[in-house]
$ cat upload_4.cif   # mmCIF, C-alpha atoms
data_upload
#
loop_
_atom_site.label_atom_id
_atom_site.label_comp_id
_atom_site.auth_asym_id
_atom_site.auth_seq_id
_atom_site.Cartn_x
_atom_site.Cartn_y
_atom_site.Cartn_z
CA MET A 1 217.90 80.62 82.39
CA THR A 2 214.33 79.57 81.66
CA ASP A 3 211.93 79.73 84.57
CA ALA A 4 210.44 76.40 85.59
CA PRO A 5 206.76 76.02 84.69
CA SER A 6 204.19 76.59 87.41
CA PRO A 7 202.79 73.47 89.09
CA MET A 8 199.53 73.99 87.20
CA GLN A 9 201.29 74.29 83.85
CA ARG A 10 203.40 71.22 84.65
CA LEU A 11 200.21 69.21 85.30
CA LEU A 12 198.73 70.41 82.02
CA ASP A 13 201.92 69.43 80.20
CA VAL A 14 201.90 65.98 81.83
CA MET A 15 198.30 65.48 80.73
CA ALA A 16 199.12 66.51 77.16
CA ARG A 17 201.98 64.03 77.12
CA LEU A 18 199.77 61.22 78.42
CA ARG A 19 197.24 61.93 75.65
CA ASP A 20 199.85 62.12 72.89
CA PRO A 21 198.81 59.57 70.23
CA VAL A 22 202.49 58.92 69.57
CA GLY A 23 204.33 57.86 72.70
CA GLY A 24 201.56 58.63 75.16
CA CYS A 25 199.82 56.17 77.48
CA PRO A 26 197.51 53.88 75.46
CA TRP A 27 194.90 53.82 78.25
CA ASP A 28 194.79 57.61 78.57
CA VAL A 29 194.68 58.06 74.80
CA GLU A 30 191.60 55.85 74.35
CA GLN A 31 189.50 57.56 77.04
CA THR A 32 186.46 59.74 76.31
CA PHE A 33 184.31 62.12 78.33
CA ALA A 34 181.87 59.29 79.00
CA SER A 35 184.50 56.77 80.06
CA ILE A 36 186.19 59.22 82.43
CA ALA A 37 182.98 60.59 83.99
CA PRO A 38 182.63 57.72 86.54
CA TYR A 39 186.19 58.36 87.74
CA THR A 40 185.37 62.05 88.17
CA VAL A 41 182.42 61.20 90.40
CA GLU A 42 184.52 58.66 92.32
CA GLU A 43 187.27 61.19 92.98
CA ALA A 44 184.73 63.69 94.33
CA TYR A 45 183.59 61.03 96.78
CA GLU A 46 187.20 60.36 97.76
CA VAL A 47 187.54 64.05 98.64
CA ALA A 48 184.38 63.87 100.74
CA ASP A 49 185.65 60.71 102.45
CA ALA A 50 188.96 62.34 103.43
CA ILE A 51 187.05 65.29 104.89
CA GLU A 52 184.68 62.95 106.74
CA ARG A 53 187.69 61.15 108.28
CA ASN A 54 189.41 64.50 108.99
CA ASP A 55 192.45 63.16 107.14
CA LEU A 56 193.81 66.47 105.89
CA LYS A 57 197.04 64.92 104.63
CA GLU A 58 195.03 62.56 102.44
CA LEU A 59 192.75 65.45 101.45
CA LYS A 60 195.67 67.07 99.61
CA VAL A 61 196.14 63.89 97.59
CA GLU A 62 192.46 63.50 96.83
CA LEU A 63 192.08 67.12 95.76
CA GLY A 64 194.96 66.53 93.36
CA ASP A 65 193.17 63.50 91.95
CA LEU A 66 190.01 65.56 91.50
CA LEU A 67 191.94 68.39 89.84
CA PHE A 68 193.45 65.84 87.47
CA GLN A 69 189.94 64.89 86.38
CA VAL A 70 189.22 68.52 85.43
CA VAL A 71 192.53 68.65 83.55
CA PHE A 72 191.73 65.36 81.79
CA HIS A 73 188.33 66.56 80.56
CA SER A 74 189.78 69.92 79.56
CA ARG A 75 192.55 68.26 77.55
CA MET A 76 190.08 66.08 75.64
CA ALA A 77 187.97 69.17 74.93
CA GLU A 78 191.03 71.08 73.71
CA GLU A 79 191.89 68.26 71.32
CA GLN A 80 188.40 68.60 69.82
CA GLY A 81 188.67 72.38 69.55
CA LEU A 82 185.95 72.95 72.15
CA PHE A 83 187.68 74.74 75.02
CA ARG A 84 190.88 74.70 77.08
CA PHE A 85 191.59 74.51 80.81
CA ASP A 86 192.12 78.29 80.90
CA ASP A 87 188.61 78.72 79.47
CA VAL A 88 187.19 76.57 82.26
CA ALA A 89 189.00 78.58 84.93
CA GLU A 90 188.05 81.92 83.33
CA ALA A 91 184.39 80.93 83.01
CA MET A 92 184.31 79.91 86.68
CA ALA A 93 185.90 83.18 87.78
CA GLU A 94 183.39 85.16 85.71
CA LYS A 95 180.47 83.17 87.15
CA LEU A 96 181.61 83.78 90.72
CA ILE A 97 182.03 87.50 90.09
CA ARG A 98 178.60 87.67 88.43
CA ARG A 99 176.93 85.84 91.32
CA HIS A 100 178.64 87.91 94.03
CA PRO A 101 177.96 91.56 93.10
CA HIS A 102 177.99 92.43 96.82
CA VAL A 103 181.68 91.45 96.86
CA PHE A 104 182.93 92.43 93.40
CA GLY A 105 180.41 95.00 92.21
CA GLY A 106 180.16 97.42 95.08
CA GLY A 107 176.66 96.27 96.01
CA ASP A 108 175.16 96.13 99.48
CA SER A 109 176.52 93.55 101.88
CA ARG A 110 174.43 90.41 102.37
CA THR A 111 173.84 87.82 105.02
CA ALA A 112 174.39 84.17 104.12
CA ASP A 113 170.61 83.67 103.75
CA GLU A 114 170.27 86.74 101.53
CA GLN A 115 173.15 85.50 99.38
CA THR A 116 171.47 82.10 98.96
CA ILE A 117 168.30 83.80 97.69
CA ALA A 118 170.29 86.07 95.37
CA TRP A 119 172.30 83.08 94.10
CA GLU A 120 169.13 81.20 93.18
CA THR A 121 167.68 84.29 91.50
CA GLN A 122 170.82 84.62 89.40
CA LYS A 123 170.75 80.92 88.52
CA ALA A 124 167.10 81.27 87.44
CA ALA A 125 168.10 84.13 85.13
CA GLU A 126 170.90 82.00 83.71
CA ARG A 127 168.50 79.10 83.11
CA LYS A 128 166.20 81.47 81.25
CA ALA A 129 169.09 82.66 79.11
CA LYS A 130 169.87 79.02 78.27
CA GLN A 131 166.23 78.43 77.31
CA GLN A 132 165.82 76.25 80.41
CA HIS A 133 162.46 77.56 81.54
CA GLY A 134 161.45 74.74 83.89
CA VAL A 135 162.12 75.14 87.59
CA LEU A 136 163.85 71.75 87.68
CA ASP A 137 165.61 71.92 84.31
CA ASP A 138 169.22 72.25 85.48
CA VAL A 139 169.24 69.86 88.44
CA PRO A 140 171.90 67.42 87.16
CA VAL A 141 170.69 63.92 86.38
CA GLY A 142 174.10 62.50 87.27
CA LEU A 143 173.92 63.48 90.95
CA PRO A 144 173.61 60.73 93.57
CA ALA A 145 169.90 59.91 93.70
CA LEU A 146 169.33 61.04 97.30
CA THR A 147 171.13 64.32 96.70
CA ARG A 148 169.20 64.93 93.49
CA ALA A 149 165.91 64.17 95.23
CA MET A 150 166.71 66.75 97.89
CA LYS A 151 167.70 69.34 95.30
CA LEU A 152 164.55 68.69 93.25
CA THR A 153 162.29 69.20 96.26
CA LYS A 154 164.30 72.22 97.39
CA ARG A 155 163.87 73.82 93.98
CA ALA A 156 160.13 73.02 93.93
CA ALA A 157 159.75 74.41 97.45
CA ARG A 158 161.04 77.78 96.28
CA VAL A 159 157.92 78.19 94.14
CA GLY A 160 155.61 77.05 96.93
CA PHE A 161 155.32 73.34 96.10
CA ASP A 162 156.15 71.92 99.52
CA TRP A 163 154.71 70.47 102.70
CA PRO A 164 154.33 73.33 105.18
CA THR A 165 155.62 71.34 108.18
CA THR A 166 157.99 68.52 109.02
CA ALA A 167 155.09 66.70 110.70
CA GLU A 168 153.34 66.44 107.34
CA VAL A 169 156.46 64.94 105.77
CA LEU A 170 156.60 62.36 108.56
CA GLU A 171 152.95 61.53 107.94
CA LYS A 172 153.70 61.04 104.26
CA LEU A 173 156.60 58.81 105.24
CA ARG A 174 154.26 56.60 107.26
CA GLU A 175 151.88 56.49 104.31
CA GLU A 176 154.67 55.36 101.98
CA ILE A 177 155.74 52.63 104.42
CA ALA A 178 152.16 51.32 104.51
CA GLU A 179 152.00 51.26 100.71
CA LEU A 180 155.36 49.48 100.54
CA GLU A 181 154.22 46.87 103.05
CA ALA A 182 151.03 46.29 101.07
CA GLU A 183 152.92 45.60 97.84
CA ILE A 184 155.39 43.29 99.60
CA GLU A 185 152.51 41.32 101.14
CA ALA A 186 150.84 41.15 97.72
CA GLY A 187 154.06 39.76 96.27
CA ASP A 188 154.27 42.44 93.57
CA MET A 189 157.99 43.20 93.57
CA ALA A 190 157.77 45.63 90.65
CA LYS A 191 155.32 47.82 92.55
CA ALA A 192 157.29 47.27 95.78
CA ARG A 193 160.35 48.67 93.99
CA GLU A 194 158.38 51.73 92.94
CA GLU A 195 157.04 52.25 96.46
CA LEU A 196 160.53 51.88 97.89
CA GLY A 197 161.67 54.64 95.54
CA ASP A 198 158.78 56.84 96.72
CA PHE A 199 159.76 56.13 100.33
CA LEU A 200 163.39 57.13 99.71
CA PHE A 201 162.25 60.27 97.89
CA VAL A 202 160.23 61.33 100.94
CA VAL A 203 163.22 60.51 103.18
CA ALA A 204 165.30 62.93 101.08
CA ASN A 205 162.54 65.51 101.46
CA LEU A 206 162.60 65.00 105.22
CA ALA A 207 166.37 65.51 105.20
CA ARG A 208 165.84 68.85 103.45
CA LYS A 209 163.28 69.87 106.02
CA LEU A 210 165.75 69.03 108.79
CA ASP A 211 168.58 70.83 106.94
CA VAL A 212 170.54 67.57 106.76
CA GLU A 213 172.50 66.46 103.70
CA PRO A 214 171.15 62.92 103.12
CA GLU A 215 174.39 61.60 101.63
CA ASP A 216 176.30 62.83 104.70
CA ALA A 217 173.76 61.22 107.03
CA LEU A 218 173.93 57.93 105.14
CA ARG A 219 177.74 58.00 105.08
CA ALA A 220 177.71 58.43 108.87
CA ALA A 221 175.29 55.52 109.21
CA ASN A 222 177.55 53.40 106.99
CA ALA A 223 180.56 54.26 109.16
CA LYS A 224 178.61 53.38 112.30
CA PHE A 225 177.58 50.02 110.82
CA VAL A 226 181.20 49.23 109.90
CA ARG A 227 182.42 50.21 113.37
CA ARG A 228 179.85 48.03 115.11
CA PHE A 229 180.42 45.08 112.80
CA HIS A 230 184.16 45.32 113.41
CA HIS A 231 183.33 45.02 117.12
CA ILE A 232 181.45 41.79 116.40
CA GLU A 233 184.44 40.43 114.49
CA ALA A 234 186.86 41.45 117.24
CA ARG A 235 184.77 39.81 119.98
CA LEU A 236 184.46 36.58 118.00
CA ALA A 237 188.19 36.63 117.24
CA GLU A 238 188.82 36.48 120.99
CA THR A 239 187.59 32.86 120.84
CA GLY A 240 189.23 32.14 117.51
CA ARG A 241 186.01 32.32 115.50
CA SER A 242 184.62 34.30 112.57
CA PRO A 243 181.06 35.57 111.93
CA GLU A 244 180.40 32.49 109.79
CA GLN A 245 181.02 30.35 112.87
CA SER A 246 178.64 32.33 115.07
CA SER A 247 174.88 32.61 115.42
CA LEU A 248 172.65 35.58 114.74
CA GLU A 249 171.75 35.76 118.43
CA GLU A 250 175.41 35.91 119.49
CA MET A 251 176.32 38.51 116.88
CA ASP A 252 173.27 40.56 117.87
CA GLY A 253 174.50 40.54 121.47
CA PHE A 254 177.90 41.86 120.43
CA TRP A 255 176.16 44.44 118.21
CA ASN A 256 174.27 45.69 121.25
CA GLU A 257 177.57 45.98 123.12
CA ALA A 258 178.91 48.22 120.38
CA ARG A 259 175.66 50.17 120.33
CA ALA A 260 175.88 50.77 124.07
CA ALA A 261 179.49 51.90 123.69
CA ASP A 262 178.41 54.40 121.02
CA LYS A 263 175.90 55.93 123.41
CA THR A 264 178.62 56.63 125.97
CA ARG A 265 180.83 58.47 123.48
#

$ encode --input "upload_4.cif" --output "structure tokens"
Amino acid sequence: MTDAPSPMQRLLDVMARLRDPVGGCPWDVEQTFASIAPYTVEEAYEVADAIERNDLKELKVELGDLLFQVVFHSRMAEEQGLFRFDDVAEAMAEKLIRRHPHVFGGGDSRTADEQTIAWETQKAAERKAKQQHGVLDDVPVGLPALTRAMKLTKRAARVGFDWPTTAEVLEKLREEIAELEAEIEAGDMAKAREELGDFLFVVANLARKLDVEPEDALRAANAKFVRRFHHIEARLAETGRSPEQSSLEEMDGFWNEARAADKTR
């Protein structure tokens, strides 16, 4: 009796079948690394969303979707003779072992902070081996912009290019707001766009200083906005109306109700 394949092998087999030019799924067959990349990013966000909502049942599903993205890319690479899924998994295991000598190599134990420093030192050595000599060379361009901004400034800070205090970042933030206001008043939207980007970059820097992940903070703000706007809709529905049938003043009053309720949580 033949043993059933492992769940991982079954998923790999399913992916191979979907990509089969003869009898596979036409949509899956025509995909490329570039066309699938947006779905990979989206699935990562779906994982983060399930965690944010503490929906652990949904987290299992979303992790499966994210794993499928890795399998999809690996299958396309295998078809081109580049690498296989096993190569991806083996390379990751080797990297983790290499970057954790205190666990796998009999080295001295480390605190979390010491491990962070050692991790960055190892990554710097790996960048050098890849001929990536710049401090910022391997910060992925495809990251969400706020996250990338924080990582760029974090990397620069490690070589001393940083504001010494949070107060100085706040002062820079006020400076950027003034410059943005000036361009808006001048009616130069191209320059206003640039200044808005500078403002957001400093906001990301401030998040780093406060040890806050900017994407997490913005997701929480988004959720709060949705919650409060739902309150507006619910209050208007009590009188059989929608937001379109209300005034800004009335909706603002209901918004303040929701805001007050948030403060008592």

$ resolve_selection --input "upload_4.cif" --expression "the PyMOL selection byres ((chain A and resi 14-22) around 10)" --output "ChimeraX atom specification"
/A:8-13,23-31,68,71-72,74-76,78-79

$ resolve_selection --input "upload_4.cif" --expression "the PyMOL selection byres ((chain A and resi 254) around 12)" --output "list in words"
Arg227, Arg228, Phe229, His230, His231, Ile232, Glu233, Ala234, Arg235, Leu236, Ala237, Pro243, Ser246, Ser247, Leu248, Glu249, Glu250, Met251, Asp252, Gly253, Trp255, Asn256, Glu257, Ala258, Arg259, Ala260 and Ala261 of chain A

$ atom_distance --input "upload_4.cif" --atom1 "atom CA of A:Ala178" --atom2 "atom CA of A:Lys191"
12.9 Å

$ closest_residue --input "upload_4.cif" --among "A:Ala37, A:Leu210, A:Ala192, A:Ala204" --to "A:Thr165" --atoms "only C-alpha atoms"
A:Leu210

$ atom_distance --input "upload_4.cif" --atom1 "atom CA of A:Thr40" --atom2 "atom CA of A:Gly142"
11.3 Å

$ closest_residue --input "upload_4.cif" --among "A:Arg193, A:Tyr45, A:Asp262, A:Phe161" --to "A:Lys224" --atoms "only C-alpha atoms"
A:Asp262

$ resolve_selection --input "upload_4.cif" --expression "the PyMOL selection byres ((chain A and resi 202) around 12)" --output "number ranges by chain"
A: 146, 149-150, 152-153, 162-163, 166, 168-177, 195-201, 203-209, 214

$ write_last_selection --input "upload_4.cif" --atoms "C-alpha atoms" --output "PDB file, in the frame of the given file"
ATOM      1  CA  LEU A 146     169.330  61.040  97.300  1.00  0.00           C
ATOM      2  CA  ALA A 149     165.910  64.170  95.230  1.00  0.00           C
ATOM      3  CA  MET A 150     166.710  66.750  97.890  1.00  0.00           C
ATOM      4  CA  LEU A 152     164.550  68.690  93.250  1.00  0.00           C
ATOM      5  CA  THR A 153     162.290  69.200  96.260  1.00  0.00           C
ATOM      6  CA  ASP A 162     156.150  71.920  99.520  1.00  0.00           C
ATOM      7  CA  TRP A 163     154.710  70.470 102.700  1.00  0.00           C
ATOM      8  CA  THR A 166     157.990  68.520 109.020  1.00  0.00           C
ATOM      9  CA  GLU A 168     153.340  66.440 107.340  1.00  0.00           C
ATOM     10  CA  VAL A 169     156.460  64.940 105.770  1.00  0.00           C
ATOM     11  CA  LEU A 170     156.600  62.360 108.560  1.00  0.00           C
ATOM     12  CA  GLU A 171     152.950  61.530 107.940  1.00  0.00           C
ATOM     13  CA  LYS A 172     153.700  61.040 104.260  1.00  0.00           C
ATOM     14  CA  LEU A 173     156.600  58.810 105.240  1.00  0.00           C
ATOM     15  CA  ARG A 174     154.260  56.600 107.260  1.00  0.00           C
ATOM     16  CA  GLU A 175     151.880  56.490 104.310  1.00  0.00           C
ATOM     17  CA  GLU A 176     154.670  55.360 101.980  1.00  0.00           C
ATOM     18  CA  ILE A 177     155.740  52.630 104.420  1.00  0.00           C
ATOM     19  CA  GLU A 195     157.040  52.250  96.460  1.00  0.00           C
ATOM     20  CA  LEU A 196     160.530  51.880  97.890  1.00  0.00           C
ATOM     21  CA  GLY A 197     161.670  54.640  95.540  1.00  0.00           C
ATOM     22  CA  ASP A 198     158.780  56.840  96.720  1.00  0.00           C
ATOM     23  CA  PHE A 199     159.760  56.130 100.330  1.00  0.00           C
ATOM     24  CA  LEU A 200     163.390  57.130  99.710  1.00  0.00           C
ATOM     25  CA  PHE A 201     162.250  60.270  97.890  1.00  0.00           C
ATOM     26  CA  VAL A 203     163.220  60.510 103.180  1.00  0.00           C
ATOM     27  CA  ALA A 204     165.300  62.930 101.080  1.00  0.00           C
ATOM     28  CA  ASN A 205     162.540  65.510 101.460  1.00  0.00           C
ATOM     29  CA  LEU A 206     162.600  65.000 105.220  1.00  0.00           C
ATOM     30  CA  ALA A 207     166.370  65.510 105.200  1.00  0.00           C
ATOM     31  CA  ARG A 208     165.840  68.850 103.450  1.00  0.00           C
ATOM     32  CA  LYS A 209     163.280  69.870 106.020  1.00  0.00           C
ATOM     33  CA  PRO A 214     171.150  62.920 103.120  1.00  0.00           C
TER      34      PRO A 214
END

$ atom_distance --input "upload_4.cif" --atom1 "atom CA of A:Ala190" --atom2 "atom CA of A:Arg155"
29.0 Å

$ residues_near_point --input "upload_4.cif" --point "(191.7, 60.6, 99.4)" --cutoff "8 Å" --atoms "all atoms listed in the file" --output "list in words"
Glu43, Glu46, Val47, Asp49, Ala50, Glu58, Leu59, Lys60, Val61, Glu62 and Leu63 of chain A

$ closest_residue --input "upload_4.cif" --among "A:Leu143, A:Val70, A:Val135, A:Leu218" --to "A:Gly160" --atoms "all atoms listed in the file"
A:Val135
